[in-house]
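> My structure is below; once you've seen it, I'll send some questions.
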Amino acid sequence: MLDRLKEQGSLTLFQDVEMPLVPVLAEIERNGFLLDVEGLRALSKELERELDRMMETIARLAGGEFNINSPKQLATVLFEKLGLKPGRKTKTGYSTDEDTLTQLATQHDLPAQILNYRSLSKLKSTYVDALPELLHPDTKRLHTSLNQTVAATGRLSSTEPNLQNIPVKGDYGLRIREAFIAPKGHELLCADYSQIEPRILAHLSQDPRLISVFAKGEDIHMATAMEIFGLPSGQITRDMRRAAKTVVFGIVYGISPFGLSQNIGVSQAEAKKYIETFFEKFSAVRALMDRNIAEGKEKGYTTTILGRRRPIPELQSGDPVQRGFGERMAINSPIQGSAADLIKVAMINVHKKLHQDQPHTKMILQVHDELIFEVPEKNLDEAKRLVKKEMEGVGKQLGLSVPLKVDLGVGKNWRVAHP
DNA sequence: CCCTTCACG
DNA sequence: ACGTACGTGAAGGGT
C-alpha cells in the first residue's frame with residue numbers, strides 16, 4: 001500500500017527528503033553569507049565604550065569592582081554584600097539569570113544595570129567580535145555548517161558559526177543584522193512561513209475552528225483571544241491578544257498553568273482558566289495531545305507528517321518529572337518535526353526550480369521557518385514569485401488541511417529584508 | 001570539561 | 001508532594 005502510494009507520487013516519506021537535501025545543504029554552505037566587516041568593527045568600538053561606562057556605574061552601585069561576567073561573583077555581590085533576597089537556586093548556587101534579576105530590579109538599581117551590561121556583552125563577544133574572525137580567507141564570507149543529524153525533532157542545526165541565532169531584537173541586535181549584506185547588484189530575499197506551527201497543529205488535530213481560521217485567512221491570535229475571553233474582536237486589547245499568542249505557543253510546547261502564569265504574569269488560577277477554555281473551544285487539540293502521548297507511550301516514539309520518528313524513552317519512566325518531560329516532548333515533537341519536514345521539502349523544490357530557471361539566485365540560509373536568498377537585482381520579481389509559489393505549494397503537495405502562507409521581504413541587508 | 005547564561009525559531 | 005513550555009549553539013567562568 002505504502003509503496004503504491006509512493007509510486008503514484010501521493011506519499012512522501014522523510015527518507016525521501018534527507019538524502020536529496022544533502023546537495024542543497026552543501027550548496028548553502030558553499031555559497032556563504034557576505035558580512036559588512038567595517039560596520040561590525042565600528043560597532044565593536046561603540047560597544048566597548050558603552051560597556052566601559054556601564055562597568056563604572058556597576059562598580060559604583062556594587063561598592064567595588066568585580067567580574068560582572070562571573071555569575072558566582074555577581075551572586076556574592078547581590079546576596080551577601082547588598083543583602084538582596086535570593087530567588088531560585090541552581091546546582092552551584094543562587095541563580096542570577098534574567099528572570100531573577102528582573103525580579104530583583106524592584107529592590108535595587110544594580111540588577112537592571114547588570115542585565116543591560118550582560119546583553120551588550122553577549123552581543124559583542126558572540127557576534128560582533130567573533131563573526132569577522134570566521135570569514136573564509138578565499139571567499140571572504142561566512143560559511144556555516146548545517147547539520148541534519150543533531151536535532152531530535154528533525155530540525156537542522158547550524159554551527160561554526162551558528163547563523164540560526166543571529167540577533168533580531170533591540171537596537172544593537174538590529175545593527176548586527178544590518179551587517180549581513182547582499183553583494184553589489186544583488187538583493188537579499190527573505191521568505192518566512194507565517195504561523196507554521198499553529199497551521200500544523202490545525203492540520204494534525206483537524207480542529208474545525210482552527211482550520212476555519214486559517215482557511216479564511218484570519219488572524220490566529222485574535223481568533224483565539226476572542227474564544228478564550230469570549231469577546232468580539234472590537235473588545236480584544238493588545239494585552240489580550242498577546243496573552244492568547246502565548247497560550248498558543250504554550251499549547252504547542254506542552255503547557256502547564258505554572259509555566260503560562262510565569263510567562264504572562266497572571267495567577268496560576270487565571271492561567272489554568274485560559275488553558276481550559278482553549279481546550280474547550282478547540283477540543284480536537286486536546287484530543288491530539290492525548291493521542292500523541294498515548295501513541296508515544298505505546299510505541300516508544302512519536303511521528304511527523306513524513307513519518308519521521310523521535311524515540312521518547314522518558315514516557316516509560318517511573319519518575320513523574322521525567323514522564324512530564326516525555327509528555328511535553330510527545331506533544332511538541334510531531335509539530336516541530338512536521339514543520340521541519342515541510343521546509344525541507346520546500347528547500348528541495350525551490351532549489352530544483354532555481355537550478356532550472358535562475359541559476360544566479362542562491363539559497364544562503366535556512367532558519368527553521370525561513371529561507372534566505374541572494375538574488376541578482378534583475379531577477380528579483382521572478383525570484384519572489386518562484387519562492388513564494390514553491391514554498392506555499394508544499395502544503396498541497398503533502399495534503400495539508402490548511403493553506404500555507406509565506407511572507408516575503410527584500411533589502412540590501414538582513415535587517416531590512418526580514419519580513 | 002561542566003555549568004550558567006542568553007542568542008534564535 | 002513535586003517541578004514546572006519545545007528545540008538548538010556559543011561564550012565565559014571556574015574546577
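Order determines the names: the first chain of the C-alpha cells is A, the second B, and so forth; residues in each chain are numbered 1 upward, and ligands are numbered 1 upward as they are shown.
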Using only C-alpha atoms (C1' of nucleotides), find which residues of chain B lie within 7 Å of chain A and jot them down as JSON, numbers by chain.

{"B": [5, 7, 8, 9]}

> Write out as a JSON list (two decimals) with N, CA and C atoms, in the first residue's frame which residues come within 8 Å of stretch 213-225 of chain A when counting only C-alpha atoms (C1' of nucleotides), dropping same-chain ones fewer than 6 positions away.


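So the final result, stored in result_7.json, reads:
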```json
[["chain", "number", "residue", "atom", "x", "y", "z"],
["A", 199, "ARG", "N", -0.48, 26.23, 12.15],
["A", 199, "ARG", "CA", -1.12, 25.63, 10.97],
["A", 199, "ARG", "C", -0.98, 24.11, 11.01],
["A", 231, "LEU", "N", -15.09, 37.39, 23.78],
["A", 231, "LEU", "CA", -15.44, 38.77, 23.41],
["A", 231, "LEU", "C", -15.34, 38.95, 21.90],
["A", 233, "SER", "N", -14.20, 40.93, 18.40],
["A", 233, "SER", "CA", -12.87, 41.43, 18.05],
["A", 233, "SER", "C", -12.65, 42.87, 18.53],
["A", 236, "ILE", "N", -11.15, 43.16, 22.04],
["A", 236, "ILE", "CA", -9.88, 42.50, 22.36],
["A", 236, "ILE", "C", -8.75, 43.53, 22.42],
["A", 240, "MET", "N", -4.64, 41.27, 25.63],
["A", 240, "MET", "CA", -5.41, 40.03, 25.48],
["A", 240, "MET", "C", -4.91, 39.23, 24.29],
["A", 241, "ARG", "N", -4.63, 39.92, 23.20],
["A", 241, "ARG", "CA", -4.10, 39.23, 22.02],
["A", 241, "ARG", "C", -2.74, 38.62, 22.33],
["A", 242, "ARG", "N", -1.92, 39.38, 23.06],
["A", 242, "ARG", "CA", -0.59, 38.89, 23.41],
["A", 242, "ARG", "C", -0.69, 37.64, 24.30],
["A", 243, "ALA", "N", -1.62, 37.69, 25.26],
["A", 243, "ALA", "CA", -1.82, 36.53, 26.14],
["A", 243, "ALA", "C", -2.25, 35.31, 25.33],
["A", 244, "ALA", "N", -3.16, 35.55, 24.38],
["A", 244, "ALA", "CA", -3.65, 34.44, 23.55],
["A", 244, "ALA", "C", -2.52, 33.84, 22.72],
["A", 245, "LYS", "N", -1.62, 34.72, 22.23],
["A", 245, "LYS", "CA", -0.47, 34.26, 21.46],
["A", 245, "LYS", "C", 0.40, 33.35, 22.32],
["A", 248, "VAL", "N", -1.17, 29.91, 22.73],
["A", 248, "VAL", "CA", -0.98, 29.04, 21.57],
["A", 248, "VAL", "C", 0.44, 28.46, 21.56],
["A", 278, "PHE", "N", -9.22, 27.29, 26.32],
["A", 278, "PHE", "CA", -8.68, 26.97, 24.99],
["A", 278, "PHE", "C", -9.06, 25.55, 24.59],
["A", 402, "VAL", "N", -4.85, 22.87, 5.74],
["A", 402, "VAL", "CA", -4.90, 24.34, 5.79],
["A", 402, "VAL", "C", -3.91, 24.90, 4.78],
["A", 403, "PRO", "N", -4.17, 26.10, 4.27],
["A", 403, "PRO", "CA", -3.21, 26.69, 3.36],
["A", 403, "PRO", "C", -1.95, 27.14, 4.10]]
```

> List every residue of stretch 199-342 of chain A that DSSP, applied to the backbone of this structure, places in strand (DSSP E), and write the result as a ChimeraX atom specification.

/A:301-303,309-311

> Using only C-alpha atoms (C1' of nucleotides), find which residues of chain C lie within 7 Å of chain A and jot them down as a ChimeraX atom specification.

/C:3-6,8-13

> Quick one: pull the distance between atom CA of A:Asp129 and atom CA of A:Arg41, Å, one decimal.

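Separation of atom CA of A:Asp129 and atom CA of A:Arg41: 7.7 Å.
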
> Compile the contact shell of A:Leu104 as a list in words: residues with an atom at most 10 Å away, counting only C-alpha atoms (C1' of nucleotides), same-chain residues fewer than 5 positions apart removed.

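Returned residues: Leu78, Leu84, Lys85, Pro86, Gly87, Thr96, Glu98, Asp99, Asp109, Leu110, Pro111 and Ala112 of chain A.
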
> Write the residues of the selection above to a file with C-alpha atoms, as a PDB file, in the first residue's frame.


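Final file, part-v6.pdb:
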```pdb
ATOM      1  CA  LEU A  78      23.874  40.769  45.212  1.00  0.00           C
ATOM      2  CA  LEU A  84      19.123  41.289  48.371  1.00  0.00           C
ATOM      3  CA  LYS A  85      16.668  38.443  48.646  1.00  0.00           C
ATOM      4  CA  PRO A  86      17.767  35.436  46.558  1.00  0.00           C
ATOM      5  CA  GLY A  87      15.341  33.736  44.196  1.00  0.00           C
ATOM      6  CA  THR A  96      21.383  35.340  38.597  1.00  0.00           C
ATOM      7  CA  GLU A  98      17.279  37.209  33.593  1.00  0.00           C
ATOM      8  CA  ASP A  99      14.085  36.254  35.424  1.00  0.00           C
ATOM      9  CA  ASP A 109      19.246  49.697  40.865  1.00  0.00           C
ATOM     10  CA  LEU A 110      22.097  47.238  40.282  1.00  0.00           C
ATOM     11  CA  PRO A 111      20.200  44.268  38.747  1.00  0.00           C
ATOM     12  CA  ALA A 112      18.834  46.286  35.823  1.00  0.00           C
TER      13      ALA A 112
END
```
